[in-house]
file run-v1.cif (mmCIF, C-alpha atoms)
data_model
#
loop_
_atom_site.label_atom_id
_atom_site.label_comp_id
_atom_site.auth_asym_id
_atom_site.auth_seq_id
_atom_site.Cartn_x
_atom_site.Cartn_y
_atom_site.Cartn_z
CA MET A 13 -4.83 18.64 -29.46
CA SER A 14 -1.71 19.10 -27.40
CA SER A 15 1.74 17.94 -28.35
CA ILE A 16 5.22 17.82 -26.96
CA ALA A 17 5.57 21.43 -27.96
CA GLY A 18 2.83 22.39 -25.50
CA THR A 19 3.91 24.32 -22.43
CA GLY A 20 2.89 23.95 -18.80
CA ARG A 21 2.56 26.82 -16.37
CA ILE A 22 5.14 25.45 -13.95
CA ARG A 23 8.76 26.54 -14.43
CA PRO A 24 11.80 25.46 -12.43
CA GLU A 25 13.45 28.21 -10.41
CA ARG A 26 16.95 29.26 -11.42
CA GLN A 27 18.03 29.25 -7.78
CA ARG A 28 16.78 26.13 -6.08
CA THR A 29 16.39 26.07 -2.35
CA LEU A 30 18.10 23.38 -0.31
CA MET A 31 15.68 20.48 -0.06
CA PRO A 32 16.00 18.20 2.98
CA ASN A 33 17.61 14.80 2.53
CA ALA A 34 14.69 13.35 4.49
CA ARG A 35 12.63 13.35 1.28
CA TRP A 36 14.71 10.47 -0.11
CA LEU A 37 14.12 8.41 3.01
CA MET A 38 10.37 8.87 2.51
CA VAL A 39 10.45 7.66 -1.09
CA TRP A 40 12.66 4.68 -0.25
CA LEU A 41 10.10 3.69 2.38
CA CYS A 42 7.57 3.67 -0.47
CA PHE A 43 9.98 1.56 -2.53
CA LEU A 44 10.17 -1.02 0.28
CA ALA A 45 6.39 -1.11 0.67
CA LEU A 46 5.87 -1.80 -3.04
CA ALA A 47 8.66 -4.41 -3.04
CA ILE A 48 6.80 -6.20 -0.23
CA ASN A 49 3.56 -5.67 -2.16
CA TYR A 50 4.87 -7.47 -5.24
CA THR A 51 6.61 -10.18 -3.22
CA ASP A 52 3.29 -11.00 -1.56
CA ARG A 53 1.57 -10.85 -4.94
CA ALA A 54 4.07 -13.18 -6.64
CA ASN A 55 4.17 -15.66 -3.76
CA LEU A 56 1.24 -17.66 -5.13
CA ALA A 57 2.85 -18.07 -8.55
CA VAL A 58 5.97 -19.58 -6.97
CA ALA A 59 3.92 -21.78 -4.64
CA ALA A 60 1.45 -22.87 -7.34
CA PRO A 61 2.89 -26.36 -7.97
CA SER A 62 2.91 -27.15 -4.23
CA ILE A 63 -0.59 -25.77 -3.72
CA LYS A 64 -1.98 -27.73 -6.68
CA HIS A 65 -0.71 -30.92 -5.10
CA ALA A 66 -1.79 -30.02 -1.54
CA LEU A 67 -5.29 -28.81 -2.38
CA GLY A 68 -5.91 -31.03 -5.41
CA VAL A 69 -6.71 -28.24 -7.88
CA ASP A 70 -6.26 -28.45 -11.66
CA ASP A 71 -4.61 -25.97 -14.03
CA THR A 72 -7.87 -24.23 -14.92
CA THR A 73 -8.70 -23.61 -11.27
CA MET A 74 -5.17 -22.43 -10.56
CA GLY A 75 -5.50 -19.98 -13.44
CA PHE A 76 -8.59 -18.48 -11.81
CA LEU A 77 -6.77 -18.32 -8.48
CA LEU A 78 -3.79 -16.51 -10.02
CA GLY A 79 -6.08 -14.00 -11.75
CA SER A 80 -8.49 -13.43 -8.86
CA PHE A 81 -6.23 -10.80 -7.33
CA PHE A 82 -6.65 -8.44 -10.30
CA TRP A 83 -10.40 -8.02 -9.91
CA THR A 84 -10.36 -6.49 -6.45
CA TYR A 85 -7.00 -4.78 -7.00
CA ALA A 86 -8.30 -2.88 -10.04
CA LEU A 87 -11.73 -2.10 -8.59
CA MET A 88 -10.44 -0.91 -5.22
CA GLN A 89 -8.03 1.58 -6.81
CA LEU A 90 -10.91 4.05 -7.00
CA PRO A 91 -11.91 4.14 -3.31
CA ALA A 92 -8.29 3.64 -2.20
CA GLY A 93 -7.16 6.83 -3.92
CA TRP A 94 -10.06 8.78 -2.41
CA LEU A 95 -9.32 7.43 1.08
CA VAL A 96 -5.64 8.34 0.85
CA ASP A 97 -6.56 11.90 -0.19
CA ARG A 98 -9.18 12.11 2.54
CA PHE A 99 -7.18 10.73 5.49
CA GLY A 100 -3.56 11.08 4.34
CA ALA A 101 -0.76 8.67 3.49
CA ARG A 102 0.63 8.56 7.03
CA LEU A 103 -2.49 6.74 8.22
CA MET A 104 -3.81 4.97 5.12
CA PHE A 105 -0.51 3.58 3.80
CA PRO A 106 0.26 1.41 6.88
CA LEU A 107 -3.40 0.38 7.10
CA ALA A 108 -3.23 -0.85 3.50
CA VAL A 109 0.06 -2.66 4.10
CA CYS A 110 -1.22 -4.33 7.28
CA TRP A 111 -4.43 -5.34 5.47
CA TRP A 112 -2.67 -7.08 2.59
CA SER A 113 -0.02 -8.54 4.91
CA LEU A 114 -2.71 -10.06 7.12
CA PHE A 115 -4.36 -11.83 4.21
CA THR A 116 -1.01 -12.90 2.80
CA ALA A 117 -0.26 -14.63 6.10
CA MET A 118 -3.79 -16.03 6.35
CA THR A 119 -3.32 -17.73 2.98
CA ALA A 120 -1.41 -20.34 4.96
CA LEU A 121 -4.77 -21.36 6.47
CA ALA A 122 -6.36 -22.13 3.09
CA ASN A 123 -7.68 -25.68 2.91
CA SER A 124 -9.61 -25.43 -0.37
CA ALA A 125 -9.67 -23.51 -3.63
CA ALA A 126 -12.64 -21.49 -2.34
CA THR A 127 -10.87 -20.22 0.78
CA LEU A 128 -7.71 -19.49 -1.20
CA PHE A 129 -9.79 -17.55 -3.74
CA GLY A 130 -11.31 -15.47 -0.93
CA PHE A 131 -7.93 -14.66 0.59
CA ARG A 132 -6.61 -13.54 -2.82
CA LEU A 133 -9.59 -11.24 -3.33
CA LEU A 134 -8.97 -9.65 0.06
CA LEU A 135 -5.25 -9.39 -0.69
CA GLY A 136 -5.99 -7.45 -3.88
CA ALA A 137 -8.30 -5.06 -2.04
CA GLY A 138 -5.53 -4.14 0.41
CA GLU A 139 -2.76 -3.85 -2.15
CA ALA A 140 -4.80 -1.25 -4.05
CA GLY A 141 -3.61 1.42 -1.61
CA GLY A 142 0.10 1.07 -2.36
CA TYR A 143 0.56 3.13 -5.50
CA PRO A 144 -1.92 5.96 -4.72
CA ALA A 145 -0.26 6.45 -1.33
CA SER A 146 3.23 6.47 -2.86
CA ALA A 147 2.21 9.01 -5.49
CA ARG A 148 0.77 11.26 -2.78
CA VAL A 149 3.99 11.01 -0.73
CA VAL A 150 6.05 12.09 -3.74
CA ALA A 151 3.70 14.97 -4.53
CA ARG A 152 3.90 16.08 -0.88
CA TRP A 153 7.68 15.84 -0.56
CA PHE A 154 9.12 16.65 -3.98
CA PRO A 155 8.98 19.72 -6.22
CA PRO A 156 8.22 19.15 -9.93
CA GLN A 157 11.91 19.17 -10.94
CA GLU A 158 12.57 16.08 -8.78
CA ARG A 159 9.22 14.33 -8.97
CA SER A 160 9.92 11.98 -11.87
CA LEU A 161 13.10 10.55 -10.32
CA ALA A 162 11.30 10.05 -7.01
CA SER A 163 8.44 8.32 -8.83
CA SER A 164 10.88 6.03 -10.65
CA ILE A 165 12.37 4.97 -7.31
CA PHE A 166 9.11 3.89 -5.70
CA ASP A 167 7.88 2.32 -8.95
CA SER A 168 11.04 0.20 -9.20
CA GLY A 169 9.98 -1.47 -5.96
CA SER A 170 7.51 -3.53 -7.98
CA ARG A 171 10.25 -4.99 -10.15
CA ALA A 172 12.54 -5.52 -7.18
CA GLY A 173 9.73 -7.39 -5.42
CA ASN A 174 9.20 -9.67 -8.39
CA LEU A 175 12.92 -10.44 -8.54
CA VAL A 176 13.17 -11.10 -4.80
CA ALA A 177 10.06 -13.28 -4.72
CA ILE A 178 11.51 -16.01 -6.95
CA PRO A 179 14.56 -16.99 -4.82
CA LEU A 180 13.06 -16.02 -1.42
CA CYS A 181 9.77 -17.86 -1.81
CA SER A 182 11.43 -20.82 -3.53
CA TRP A 183 13.81 -21.22 -0.58
CA LEU A 184 11.05 -20.85 2.01
CA ILE A 185 8.86 -23.40 0.23
CA ALA A 186 11.70 -25.89 -0.23
CA THR A 187 12.84 -25.50 3.39
CA PHE A 188 9.64 -24.98 5.40
CA GLY A 189 6.74 -25.65 3.02
CA TRP A 190 4.39 -23.39 1.07
CA ARG A 191 2.31 -22.35 4.09
CA ALA A 192 5.36 -21.00 5.91
CA SER A 193 6.25 -18.93 2.84
CA PHE A 194 3.00 -16.96 3.12
CA VAL A 195 3.43 -16.43 6.86
CA VAL A 196 6.99 -15.12 6.55
CA THR A 197 6.31 -12.76 3.64
CA GLY A 198 3.15 -11.58 5.39
CA LEU A 199 5.12 -10.60 8.49
CA LEU A 200 7.38 -8.31 6.44
CA GLY A 201 4.54 -5.84 5.97
CA PHE A 202 3.89 -5.47 9.69
CA VAL A 203 7.58 -4.71 10.29
CA TRP A 204 7.45 -2.07 7.57
CA ALA A 205 4.31 -0.49 9.06
CA VAL A 206 6.03 0.00 12.43
CA GLY A 207 8.97 1.69 10.72
CA TRP A 208 6.66 3.89 8.66
CA LEU A 209 4.74 5.18 11.68
CA MET A 210 8.00 5.93 13.48
CA ILE A 211 9.61 7.78 10.56
CA TYR A 212 7.05 9.31 8.21
CA ARG A 213 5.77 12.85 8.66
CA LYS A 214 4.24 15.31 6.24
CA PRO A 215 6.83 17.90 5.17
CA GLU A 216 5.07 20.70 7.05
CA ASN A 217 5.41 18.63 10.24
CA HIS A 218 9.01 17.50 9.72
CA PRO A 219 11.77 19.36 11.60
CA ALA A 220 14.20 19.13 8.67
CA VAL A 221 11.95 21.05 6.26
CA THR A 222 12.61 24.79 6.19
CA PRO A 223 9.94 27.33 5.21
CA GLU A 224 11.89 27.93 1.97
CA ALA A 225 11.90 24.24 1.07
CA LEU A 226 8.21 23.93 1.89
CA ALA A 227 7.46 26.93 -0.34
CA GLU A 228 9.33 25.25 -3.20
CA ILE A 229 7.22 22.12 -2.85
CA GLU A 230 4.01 24.13 -2.59
CA ALA A 231 4.88 26.02 -5.79
CA GLY A 232 4.21 22.85 -7.76
CA HIS A 233 0.54 22.82 -6.78
CA ALA A 234 -2.17 24.97 -8.25
CA VAL A 235 -4.15 25.59 -5.07
CA PRO A 236 -2.91 25.66 -1.46
CA ASP A 237 -4.58 23.38 1.08
CA ALA A 238 -6.38 26.21 2.81
CA ASP A 239 -7.94 27.41 -0.44
CA GLU A 240 -8.92 24.04 -1.91
CA PRO A 241 -12.42 24.22 -3.45
CA PRO A 242 -14.93 21.42 -2.88
CA ILE A 243 -14.22 19.41 -6.06
CA ARG A 244 -16.22 16.21 -6.27
CA TRP A 245 -14.32 13.01 -6.99
CA ILE A 246 -16.56 12.19 -9.97
CA THR A 247 -15.65 15.54 -11.54
CA LEU A 248 -12.16 14.22 -12.26
CA PHE A 249 -13.65 12.09 -15.05
CA ARG A 250 -14.64 15.26 -16.94
CA TYR A 251 -11.01 16.03 -17.82
CA ARG A 252 -9.70 14.77 -21.16
CA THR A 253 -6.22 14.52 -19.68
CA ILE A 254 -7.45 12.04 -17.05
CA TRP A 255 -8.93 9.80 -19.75
CA GLY A 256 -5.68 10.03 -21.71
CA MET A 257 -3.71 9.01 -18.63
CA MET A 258 -6.06 6.07 -18.08
CA PHE A 259 -5.82 4.71 -21.62
CA GLY A 260 -2.09 5.40 -22.00
CA PHE A 261 -1.37 3.50 -18.79
CA PHE A 262 -3.66 0.66 -19.91
CA CYS A 263 -1.53 0.30 -23.06
CA LEU A 264 1.68 0.19 -21.03
CA ASN A 265 0.36 -2.31 -18.50
CA PHE A 266 -0.95 -4.63 -21.22
CA VAL A 267 2.71 -5.25 -22.04
CA ILE A 268 3.95 -5.18 -18.43
CA TYR A 269 1.50 -7.93 -17.48
CA PHE A 270 2.73 -10.07 -20.36
CA PHE A 271 6.09 -10.14 -18.57
CA ILE A 272 4.44 -10.97 -15.25
CA THR A 273 2.13 -13.72 -16.55
CA TRP A 274 3.04 -15.25 -19.93
CA PHE A 275 6.75 -14.43 -20.32
CA PRO A 276 7.98 -17.62 -18.56
CA THR A 277 5.71 -19.73 -20.76
CA TYR A 278 6.98 -17.97 -23.88
CA LEU A 279 10.64 -18.66 -23.07
CA MET A 280 10.06 -22.29 -22.16
CA THR A 281 7.68 -23.23 -24.99
CA ALA A 282 8.49 -20.92 -27.89
CA ARG A 283 12.24 -20.58 -27.21
CA HIS A 284 12.72 -23.97 -25.49
CA PHE A 285 14.43 -22.67 -22.34
CA SER A 286 14.85 -25.20 -19.56
CA LEU A 287 13.57 -24.30 -16.09
CA ARG A 288 17.16 -23.70 -14.98
CA GLN A 289 17.84 -21.45 -17.98
CA PHE A 290 14.69 -19.50 -17.27
CA GLY A 291 15.71 -19.07 -13.63
CA THR A 292 18.93 -17.42 -14.84
CA TYR A 293 18.26 -15.71 -18.16
CA GLY A 294 14.62 -14.96 -17.44
CA LEU A 295 15.70 -12.46 -14.78
CA ILE A 296 17.60 -10.32 -17.30
CA PRO A 297 14.67 -8.12 -18.50
CA GLY A 298 13.63 -7.35 -14.93
CA LEU A 299 17.20 -6.51 -13.91
CA ILE A 300 17.54 -4.14 -16.87
CA ALA A 301 14.17 -2.55 -16.15
CA ILE A 302 15.14 -1.27 -12.69
CA PRO A 303 17.92 1.10 -13.86
CA GLY A 304 15.80 1.80 -16.95
CA GLY A 305 13.12 3.25 -14.71
CA TRP A 306 15.63 5.35 -12.77
CA LEU A 307 17.05 6.65 -16.06
CA GLY A 308 13.53 7.70 -17.09
CA GLY A 309 13.12 9.66 -13.87
CA VAL A 310 16.52 11.33 -14.15
CA THR A 311 15.95 12.24 -17.81
CA SER A 312 12.52 13.81 -17.31
CA ASP A 313 13.65 15.90 -14.34
CA TRP A 314 16.93 16.86 -16.05
CA LEU A 315 15.10 18.16 -19.13
CA TYR A 316 12.82 20.22 -16.91
CA ARG A 317 15.72 21.72 -14.96
CA ARG A 318 17.42 22.54 -18.27
CA GLY A 319 14.57 24.89 -19.08
CA TRP A 320 12.19 22.64 -21.01
CA SER A 321 8.54 23.10 -20.14
CA LEU A 322 7.10 20.43 -17.86
CA THR A 323 4.93 19.32 -20.79
CA ALA A 324 7.94 18.85 -23.07
CA ALA A 325 10.02 17.10 -20.39
CA ARG A 326 7.33 14.63 -19.38
CA LYS A 327 5.93 13.94 -22.86
CA THR A 328 9.37 13.39 -24.39
CA CYS A 329 9.90 10.52 -21.96
CA LEU A 330 6.32 9.23 -22.15
CA VAL A 331 6.17 9.15 -25.94
CA GLY A 332 9.79 8.13 -26.49
CA GLY A 333 9.61 5.26 -24.00
CA MET A 334 6.38 3.89 -25.45
CA LEU A 335 7.77 4.04 -28.98
CA VAL A 336 10.94 2.16 -28.04
CA SER A 337 8.99 -0.49 -26.12
CA SER A 338 7.16 -1.46 -29.33
CA VAL A 339 10.26 -3.52 -30.31
CA ILE A 340 8.66 -6.30 -28.26
CA THR A 341 6.84 -7.34 -31.45
CA LEU A 342 10.16 -8.21 -33.11
CA ALA A 343 10.85 -10.78 -30.38
CA ALA A 344 8.28 -13.05 -32.02
CA ILE A 345 10.09 -13.15 -35.37
CA VAL A 346 13.84 -12.99 -34.70
CA PRO A 347 15.52 -16.37 -35.27
CA ALA A 348 17.69 -16.69 -32.15
CA ALA A 349 16.58 -16.91 -28.53
CA TRP A 350 19.27 -14.46 -27.38
CA MET A 351 17.96 -11.90 -29.87
CA ALA A 352 14.48 -12.26 -28.45
CA LEU A 353 15.83 -11.87 -24.91
CA VAL A 354 17.66 -8.68 -25.87
CA LEU A 355 14.49 -7.25 -27.39
CA PHE A 356 12.50 -8.18 -24.29
CA GLY A 357 15.11 -6.45 -22.14
CA ILE A 358 14.93 -3.27 -24.25
CA ALA A 359 11.14 -3.30 -24.20
CA TYR A 360 10.87 -3.82 -20.43
CA ALA A 361 13.47 -1.12 -19.71
CA ALA A 362 11.63 1.30 -22.02
CA LEU A 363 8.34 0.58 -20.24
CA ALA A 364 9.99 1.29 -16.88
CA PHE A 365 11.53 4.44 -18.39
CA THR A 366 8.01 5.57 -19.33
CA ALA A 367 6.47 4.61 -15.99
CA ALA A 368 8.63 7.11 -14.12
CA SER A 369 6.83 9.98 -15.85
CA ILE A 370 3.46 8.21 -15.65
CA TRP A 371 3.67 8.17 -11.86
CA SER A 372 4.76 11.79 -11.68
CA LEU A 373 1.67 12.88 -13.66
CA PRO A 374 -0.86 12.73 -10.78
CA GLY A 375 1.19 15.24 -8.80
CA ASP A 376 1.82 17.33 -11.91
CA VAL A 377 -1.78 17.68 -13.09
CA ALA A 378 -3.88 17.42 -9.91
CA PRO A 379 -6.07 20.52 -9.59
CA THR A 380 -5.34 20.52 -5.83
CA LYS A 381 -3.07 18.56 -3.51
CA GLY A 382 -6.16 16.81 -2.23
CA HIS A 383 -6.65 15.00 -5.55
CA VAL A 384 -3.23 13.44 -6.18
CA ALA A 385 -4.01 9.99 -4.76
CA SER A 386 -7.48 10.00 -6.33
CA ILE A 387 -6.01 10.59 -9.79
CA SER A 388 -3.36 7.93 -9.11
CA GLY A 389 -6.08 5.44 -8.22
CA ILE A 390 -8.13 6.31 -11.29
CA GLN A 391 -5.28 5.79 -13.75
CA ASN A 392 -4.13 2.66 -11.92
CA PHE A 393 -7.67 1.25 -12.03
CA ALA A 394 -7.68 1.51 -15.82
CA SER A 395 -4.14 0.17 -16.13
CA ASN A 396 -4.86 -2.93 -14.07
CA LEU A 397 -7.80 -3.92 -16.21
CA ALA A 398 -4.99 -4.79 -18.61
CA GLY A 399 -4.01 -7.59 -16.23
CA VAL A 400 -7.32 -9.31 -16.94
CA VAL A 401 -7.22 -8.54 -20.66
CA THR A 402 -3.61 -9.64 -21.23
CA THR A 403 -3.96 -13.00 -19.53
CA SER A 404 -7.26 -13.86 -21.22
CA PHE A 405 -6.41 -12.54 -24.70
CA THR A 406 -3.04 -14.28 -24.80
CA GLY A 407 -4.53 -17.56 -23.66
CA VAL A 408 -7.27 -17.44 -26.31
CA MET A 409 -4.79 -16.58 -29.06
CA LEU A 410 -2.48 -19.43 -28.05
CA THR A 411 -5.41 -21.84 -28.22
CA ILE A 412 -6.54 -20.59 -31.64
CA THR A 413 -3.05 -20.52 -33.17
CA HIS A 414 -1.83 -23.73 -31.48
CA GLY A 415 0.81 -22.04 -29.36
CA SER A 416 1.98 -19.11 -31.51
CA PHE A 417 2.87 -15.90 -29.66
CA LEU A 418 2.95 -13.79 -32.85
CA ILE A 419 -0.50 -12.21 -32.41
CA PRO A 420 -0.11 -11.44 -28.68
CA LEU A 421 3.30 -9.84 -29.20
CA ALA A 422 2.17 -7.94 -32.30
CA THR A 423 -0.81 -6.65 -30.31
CA ALA A 424 1.50 -5.60 -27.48
CA GLY A 425 3.71 -3.66 -29.87
CA GLY A 426 0.68 -2.01 -31.47
CA LEU A 427 -0.62 -0.92 -28.08
CA CYS A 428 2.77 0.63 -27.32
CA LEU A 429 2.40 2.79 -30.42
CA LEU A 430 -1.19 3.62 -29.53
CA GLY A 431 -0.10 4.55 -26.01
CA ALA A 432 2.56 6.89 -27.40
CA ALA A 433 -0.07 8.62 -29.55
CA THR A 434 -2.39 8.92 -26.55
CA TYR A 435 0.21 10.66 -24.39
CA LEU A 436 1.12 12.93 -27.29
CA PHE A 437 -2.32 13.99 -28.48
CA VAL A 438 -4.96 13.14 -25.84
CA VAL A 439 -3.15 14.12 -22.64
CA GLY A 440 -3.13 17.90 -22.48
CA PRO A 441 -0.47 20.27 -21.15
CA ILE A 442 1.27 18.91 -18.07
CA GLU A 443 0.08 21.47 -15.55
CA PRO A 444 -2.50 21.62 -12.75
CA LEU A 445 -5.91 21.04 -14.27
CA PRO A 446 -8.36 23.95 -14.09
CA VAL A 447 -10.67 23.66 -11.14
CA MET A 448 -14.25 22.57 -11.82
CA SER A 449 -16.39 23.48 -8.86
CA ARG A 450 -19.58 21.71 -7.78
CA ARG A 451 -21.59 24.37 -9.58
CA HIS A 452 -20.01 23.45 -12.93
CA ALA A 453 -19.77 19.68 -12.36
#

call {"tool": "encode", "arguments": {"input": "run-v1.cif", "output": "structure tokens"}}
result
Amino acid sequence: MSSIAGTGRIRPERQRTLMPNARWLMVWLCFLALAINYTDRANLAVAAPSIKHALGVDDTTMGFLLGSFFWTYALMQLPAGWLVDRFGARLMFPLAVCWWSLFTAMTALANSAATLFGFRLLLGAGEAGGYPASARVVARWFPPQERSLASSIFDSGSRAGNLVAIPLCSWLIATFGWRASFVVTGLLGFVWAVGWLMIYRKPENHPAVTPEALAEIEAGHAVPDADEPPIRWITLFRYRTIWGMMFGFFCLNFVIYFFITWFPTYLMTARHFSLRQFGTYGLIPGLIAIPGGWLGGVTSDWLYRRGWSLTAARKTCLVGGMLVSSVITLAAIVPAAWMALVLFGIAYAALAFTAASIWSLPGDVAPTKGHVASISGIQNFASNLAGVVTTSFTGVMLTITHGSFLIPLATAGGLCLLGAATYLFVVGPIEPLPVMSRRHA
């Protein structure tokens, strides 16, 4: 078993070369793409009351429509990661964005639950490319000592998108109707794609990247491009570390998806918030989570630059963040609503703190640069199964217990502890995984 005390092979250089500022522009482009991703994803939740009335669907059907996205999103993580590694983020990222933007806009054409269901399935298939492409961009542009902060920036786009979706989509629906909301948010992705194709280049093709800076980035990879062995995609499942990353991320996302799906219901039924109170106070955990994620990225990279091994730097943040996030269980038993809201804010910020290191792991452990997006897709596939599990499990428990959130929140806290143990003991040293060739696979 490995532990925080384990050491990776990668060490930060005492004298760092001057990295180009262009790398931050690249990661902020990823941030914008994921913000659009989550705005398009959340659009249906905001429009649900209007759609129920327009299409004549009941609550059960709307529940299936809201959850339909997860099935294709989780499943398509696997081929999406492989495609990004095979054809590169410059091509595959805008294709993914245009795909999901097209089917976001086409949702305006839905005239039945069946057509809406189909559009949501296709939306999920396209959105699967967002995170693997972003992880590959960071691995391409950032050395290990900056990778966690960069990962925290693009990952925070998801929370920014959720926050933006509520007022933006509400205004569009109130002003122009629910169909117009899908058209407008769908168009955002096409604008982004044009900007991406104009700006993005791989570091080796960018005029601002010096040979010294490129060498610093390359030092974080085990095998140069020219020497990459023919590792089969299926071989990645033979690494214990990959399975640890999958299960650890599942534990984290079980709690994240509680915030995305059942958190509004909890505040309004268990804590008796009005809709107006929820629209104000319900934003607090998400607002805290954004700087919480950035703090996680800064902390992990700072520890590494201070001389900690990459294993110690990453696992300190992974394990520590998961342990702190377990306070979500206490939200079910504290007497005052404000106490519960504080605990939710701490838990969400701790999860975002952890996620910064989670998204740096694919670049840290990939046996070659050509496997970063594939590993990102694999761990994100497992993590998004939690979206299905969280929604279903919580609903069943609420039915059995007549509306009590104690069991769901206790389970969430327990999974936080289990996730911490997984990152500590199952995930191995944070270093490029040893190459398994076809002959040994």

call {"tool": "closest_atom_pairs", "arguments": {"input": "run-v1.cif", "of": "stretch 135-155 of chain A", "to": "stretch 113-118 of chain A", "cutoff": "12 Å", "atoms": "all atoms listed in the file", "output": "tab-separated table"}}
result
residue	atom	partner	partner_atom	distance
A:Leu135	CA	A:Phe115	CA	5.5
A:Gly136	CA	A:Phe115	CA	9.3
A:Ala137	CA	A:Phe115	CA	10.0
A:Gly138	CA	A:Ser113	CA	8.4
A:Glu139	CA	A:Ser113	CA	8.9

call {"tool": "resolve_selection", "arguments": {"input": "run-v1.cif", "expression": "the PyMOL selection byres ((chain A and resi 335) around 10)", "output": "VMD selection string"}}
result
chain A and resid 329 to 334 336 to 339 359 362 to 363 366 425 to 433

call {"tool": "closest_residue", "arguments": {"input": "run-v1.cif", "among": "A:Leu373, A:Leu342, A:Leu67, A:Ala101", "to": "A:Ser312", "atoms": "all atoms listed in the file"}}
result
A:Leu373

call {"tool": "closest_residue", "arguments": {"input": "run-v1.cif", "among": "A:Thr72, A:Thr292, A:Asn217, A:Thr197", "to": "A:Val109", "atoms": "all atoms listed in the file"}}
result
A:Thr197

call {"tool": "resolve_selection", "arguments": {"input": "run-v1.cif", "expression": "the PyMOL selection byres ((chain A and resi 129) around 10)", "output": "NGL selection string"}}
result
:A and (73-74 or 76-81 or 119 or 122 or 124-128 or 130-135)

call {"tool": "write_last_selection", "arguments": {"input": "run-v1.cif", "atoms": "C-alpha atoms", "output": "PDB file, in the frame of the given file"}}
result
ATOM      1  CA  THR A  73      -8.700 -23.610 -11.270  1.00  0.00           C
ATOM      2  CA  MET A  74      -5.170 -22.430 -10.560  1.00  0.00           C
ATOM      3  CA  PHE A  76      -8.590 -18.480 -11.810  1.00  0.00           C
ATOM      4  CA  LEU A  77      -6.770 -18.320  -8.480  1.00  0.00           C
ATOM      5  CA  LEU A  78      -3.790 -16.510 -10.020  1.00  0.00           C
ATOM      6  CA  GLY A  79      -6.080 -14.000 -11.750  1.00  0.00           C
ATOM      7  CA  SER A  80      -8.490 -13.430  -8.860  1.00  0.00           C
ATOM      8  CA  PHE A  81      -6.230 -10.800  -7.330  1.00  0.00           C
ATOM      9  CA  THR A 119      -3.320 -17.730   2.980  1.00  0.00           C
ATOM     10  CA  ALA A 122      -6.360 -22.130   3.090  1.00  0.00           C
ATOM     11  CA  SER A 124      -9.610 -25.430  -0.370  1.00  0.00           C
ATOM     12  CA  ALA A 125      -9.670 -23.510  -3.630  1.00  0.00           C
ATOM     13  CA  ALA A 126     -12.640 -21.490  -2.340  1.00  0.00           C
ATOM     14  CA  THR A 127     -10.870 -20.220   0.780  1.00  0.00           C
ATOM     15  CA  LEU A 128      -7.710 -19.490  -1.200  1.00  0.00           C
ATOM     16  CA  GLY A 130     -11.310 -15.470  -0.930  1.00  0.00           C
ATOM     17  CA  PHE A 131      -7.930 -14.660   0.590  1.00  0.00           C
ATOM     18  CA  ARG A 132      -6.610 -13.540  -2.820  1.00  0.00           C
ATOM     19  CA  LEU A 133      -9.590 -11.240  -3.330  1.00  0.00           C
ATOM     20  CA  LEU A 134      -8.970  -9.650   0.060  1.00  0.00           C
ATOM     21  CA  LEU A 135      -5.250  -9.390  -0.690  1.00  0.00           C
TER      22      LEU A 135
END

call {"tool": "residues_around", "arguments": {"input": "run-v1.cif", "residues": "stretch 407-422 of chain A", "least_positions_apart": "2", "cutoff": "7 Å", "atoms": "all atoms listed in the file", "output": "PyMOL selection string"}}
result
chain A and resi 340-341+344+403-405+424-426

call {"tool": "residues_near_point", "arguments": {"input": "run-v1.cif", "point": "(-6.8, 1.0, -3.9)", "cutoff": "10 Å", "atoms": "all atoms listed in the file", "output": "ChimeraX atom specification"}}
result
/A:84-96,108,136-145,385-386,388-390,392-393
